[in-house]
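Trainee: Please find one structure pasted underneath; my questions will follow.
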Amino acid sequence: MLPPALQQDLARFECALLQLADTLALDLSQFEADHIALRCNQNTTAAQWKEALLTMGVLISENHINGRPICLFSLNEKITVGPLSIDCIELPWPGQRFYLNEGWEHVELVLAGNPETLHARALACLSDRALASPRITLKFSQPGSDKERLPNPTLAVSDGTTTIKFHPYSIREVIASERE
């Protein structure tokens, strides 16, 4: 079971995620959530969360990505967020950005297919009205670790507090590629 603070924040995040999906006219039930991610501002918080998550599952990766450690946990029991059932949690150590809310920040969805067409395919999932909204921001990026073998571009769609990210590969496929 999640620590009480993260369990409480999951309710806040679920409400915010469903509101963002509604704004985007995105039916989350049509997607498989690859993982859910936390954000915190202090190394001590990240270390406490890591210890708690180790009681809930298995550490499947600990890697440096974009200059900071990121841990990935495969959960013994899935957590539910709206229509999504999620069995993997991403825990990055703090970076340069300060978060007003320490807790759940985004979910990542897989749009399997050619990495070169990810951005176009992800944009096609969103309504034109949402894309024209001044509240919605898009960020295209290519995060990666030194060991990563698969191109894994990202489209992040955010309303400033909650984010949905699209990738062409699952995090487990990316981890497997690092071991090859």
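Ordered as shown in the structure tokens, chains take letters A, B, and onward, while each chain numbers its residues from 1 and ligands are numbered from 1 in the order shown.
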Residues of segment 2-180 of chain A classed as helix (DSSP H, G or I) by DSSP on the backbone are to be reported as a PyMOL selection string.

Mentor: chain A and resi 4-24+28-30+43-54+115-124+128-132+171-179

Trainee: Could you pull the residues within 12 Å of Gln48 of chain A, counting only C-alpha atoms, minus those fewer than 5 positions along the same chain, as a list of chain:residue names?

Mentor: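 Within the cut-off, the hits are A:Pro3, A:Ala5, A:Leu6, A:Cys40, A:Gln42, A:Asn43, A:Leu53, A:Leu54, A:Thr55, A:Leu91, A:Trp93.
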
Trainee: Kindly export the residues of the current selection with all heavy atoms, as a short mmCIF file (atom, residue, chain, number, x, y, z; two decimals), in the first residue's frame.

Mentor:
data_model
loop_
_atom_site.label_atom_id
_atom_site.label_comp_id
_atom_site.auth_asym_id
_atom_site.auth_seq_id
_atom_site.Cartn_x
_atom_site.Cartn_y
_atom_site.Cartn_z
N PRO A 3 2.31 4.93 0.86
CA PRO A 3 2.35 5.73 2.08
C PRO A 3 1.15 6.69 2.09
O PRO A 3 0.69 7.13 1.02
CB PRO A 3 3.66 6.50 1.96
CG PRO A 3 4.48 5.73 0.99
CD PRO A 3 3.52 5.05 0.07
N ALA A 5 0.60 9.86 2.57
CA ALA A 5 0.70 11.13 1.83
C ALA A 5 0.58 10.90 0.32
O ALA A 5 -0.09 11.67 -0.38
CB ALA A 5 2.01 11.84 2.16
N LEU A 6 1.21 9.83 -0.18
CA LEU A 6 1.11 9.54 -1.61
C LEU A 6 -0.27 9.01 -1.98
O LEU A 6 -0.76 9.27 -3.07
CB LEU A 6 2.20 8.55 -2.04
CG LEU A 6 3.62 9.11 -2.03
CD1 LEU A 6 4.62 8.05 -2.48
CD2 LEU A 6 3.74 10.36 -2.89
N CYS A 40 9.52 15.47 -6.61
CA CYS A 40 9.78 16.02 -5.29
C CYS A 40 10.92 17.04 -5.39
O CYS A 40 11.61 17.11 -6.40
CB CYS A 40 10.10 14.93 -4.28
SG CYS A 40 11.57 13.98 -4.63
N GLN A 42 13.29 17.56 -2.68
CA GLN A 42 14.42 17.30 -1.80
C GLN A 42 14.90 15.85 -1.94
O GLN A 42 14.08 14.93 -2.08
CB GLN A 42 14.04 17.57 -0.35
CG GLN A 42 13.68 19.00 -0.09
CD GLN A 42 13.38 19.23 1.39
OE1 GLN A 42 13.65 18.40 2.23
NE2 GLN A 42 12.83 20.39 1.68
N ASN A 43 16.22 15.67 -1.86
CA ASN A 43 16.79 14.33 -1.93
C ASN A 43 16.27 13.45 -0.80
O ASN A 43 16.08 12.25 -0.99
CB ASN A 43 18.32 14.39 -1.89
CG ASN A 43 18.89 14.98 -3.16
OD1 ASN A 43 18.28 14.94 -4.22
ND2 ASN A 43 20.08 15.53 -3.06
N LEU A 53 8.63 2.57 -1.66
CA LEU A 53 8.30 1.86 -2.90
C LEU A 53 8.97 0.49 -2.95
O LEU A 53 8.43 -0.45 -3.56
CB LEU A 53 8.68 2.71 -4.12
CG LEU A 53 7.82 3.97 -4.28
CD1 LEU A 53 8.38 4.86 -5.39
CD2 LEU A 53 6.37 3.62 -4.56
N LEU A 54 10.12 0.35 -2.30
CA LEU A 54 10.78 -0.96 -2.25
C LEU A 54 9.96 -1.99 -1.48
O LEU A 54 10.11 -3.19 -1.69
CB LEU A 54 12.18 -0.83 -1.64
CG LEU A 54 13.24 -0.22 -2.55
CD1 LEU A 54 14.51 0.10 -1.77
CD2 LEU A 54 13.54 -1.15 -3.73
N THR A 55 9.07 -1.52 -0.60
CA THR A 55 8.19 -2.44 0.13
C THR A 55 6.98 -2.84 -0.71
O THR A 55 6.27 -3.78 -0.35
CB THR A 55 7.70 -1.84 1.47
OG1 THR A 55 6.82 -0.75 1.19
CG2 THR A 55 8.87 -1.39 2.32
N LEU A 91 10.46 7.29 -10.16
CA LEU A 91 10.84 8.20 -9.08
C LEU A 91 12.16 8.88 -9.44
O LEU A 91 13.22 8.30 -9.26
CB LEU A 91 10.98 7.45 -7.76
CG LEU A 91 11.56 8.26 -6.59
CD1 LEU A 91 10.69 9.45 -6.25
CD2 LEU A 91 11.77 7.35 -5.37
N TRP A 93 15.07 11.75 -8.81
CA TRP A 93 15.59 12.63 -7.76
C TRP A 93 15.37 14.06 -8.23
O TRP A 93 15.19 14.31 -9.43
CB TRP A 93 17.06 12.33 -7.54
CG TRP A 93 17.31 11.50 -6.32
CD1 TRP A 93 18.09 11.84 -5.28
CD2 TRP A 93 16.77 10.21 -6.00
NE1 TRP A 93 18.08 10.84 -4.32
CE2 TRP A 93 17.27 9.84 -4.73
CE3 TRP A 93 15.89 9.34 -6.63
CZ2 TRP A 93 16.93 8.65 -4.12
CZ3 TRP A 93 15.56 8.16 -6.02
CH2 TRP A 93 16.08 7.82 -4.78
#

Trainee: Report the distance between atom CA of Thr44 of chain A and atom CA of Pro94 of chain A in Å, rounded to one decimal place.

Mentor: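 Result for atom CA of Thr44 of chain A versus atom CA of Pro94 of chain A: 9.8 Å, one decimal.
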
Trainee: Give the answer as one residue: which of A:Asn63, A:Asp34, A:Thr137, A:Leu17 has the shortest atom-to-atom distance to Gly82 of chain A, using only C-alpha atoms?

Mentor: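 Distance minimum relative to Gly82 of chain A lands on A:Leu17.
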
Trainee: To one decimal in Å, tell me the separation between atom CA of Asp159 of chain A and atom CA of Leu20 of chain A.

Mentor: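 Atom CA of Leu20 of chain A lies 6.9 Å from atom CA of Asp159 of chain A.
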
Trainee: Let me make sure I understand: among A:Ser127, A:Asn152, A:Gln7, A:Asn66, which one has the smallest atom-to-atom distance to Pro168 of chain A if we use only C-alpha atoms?

Mentor: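 Closest residue, counting only C-alpha atoms: A:Asn152.
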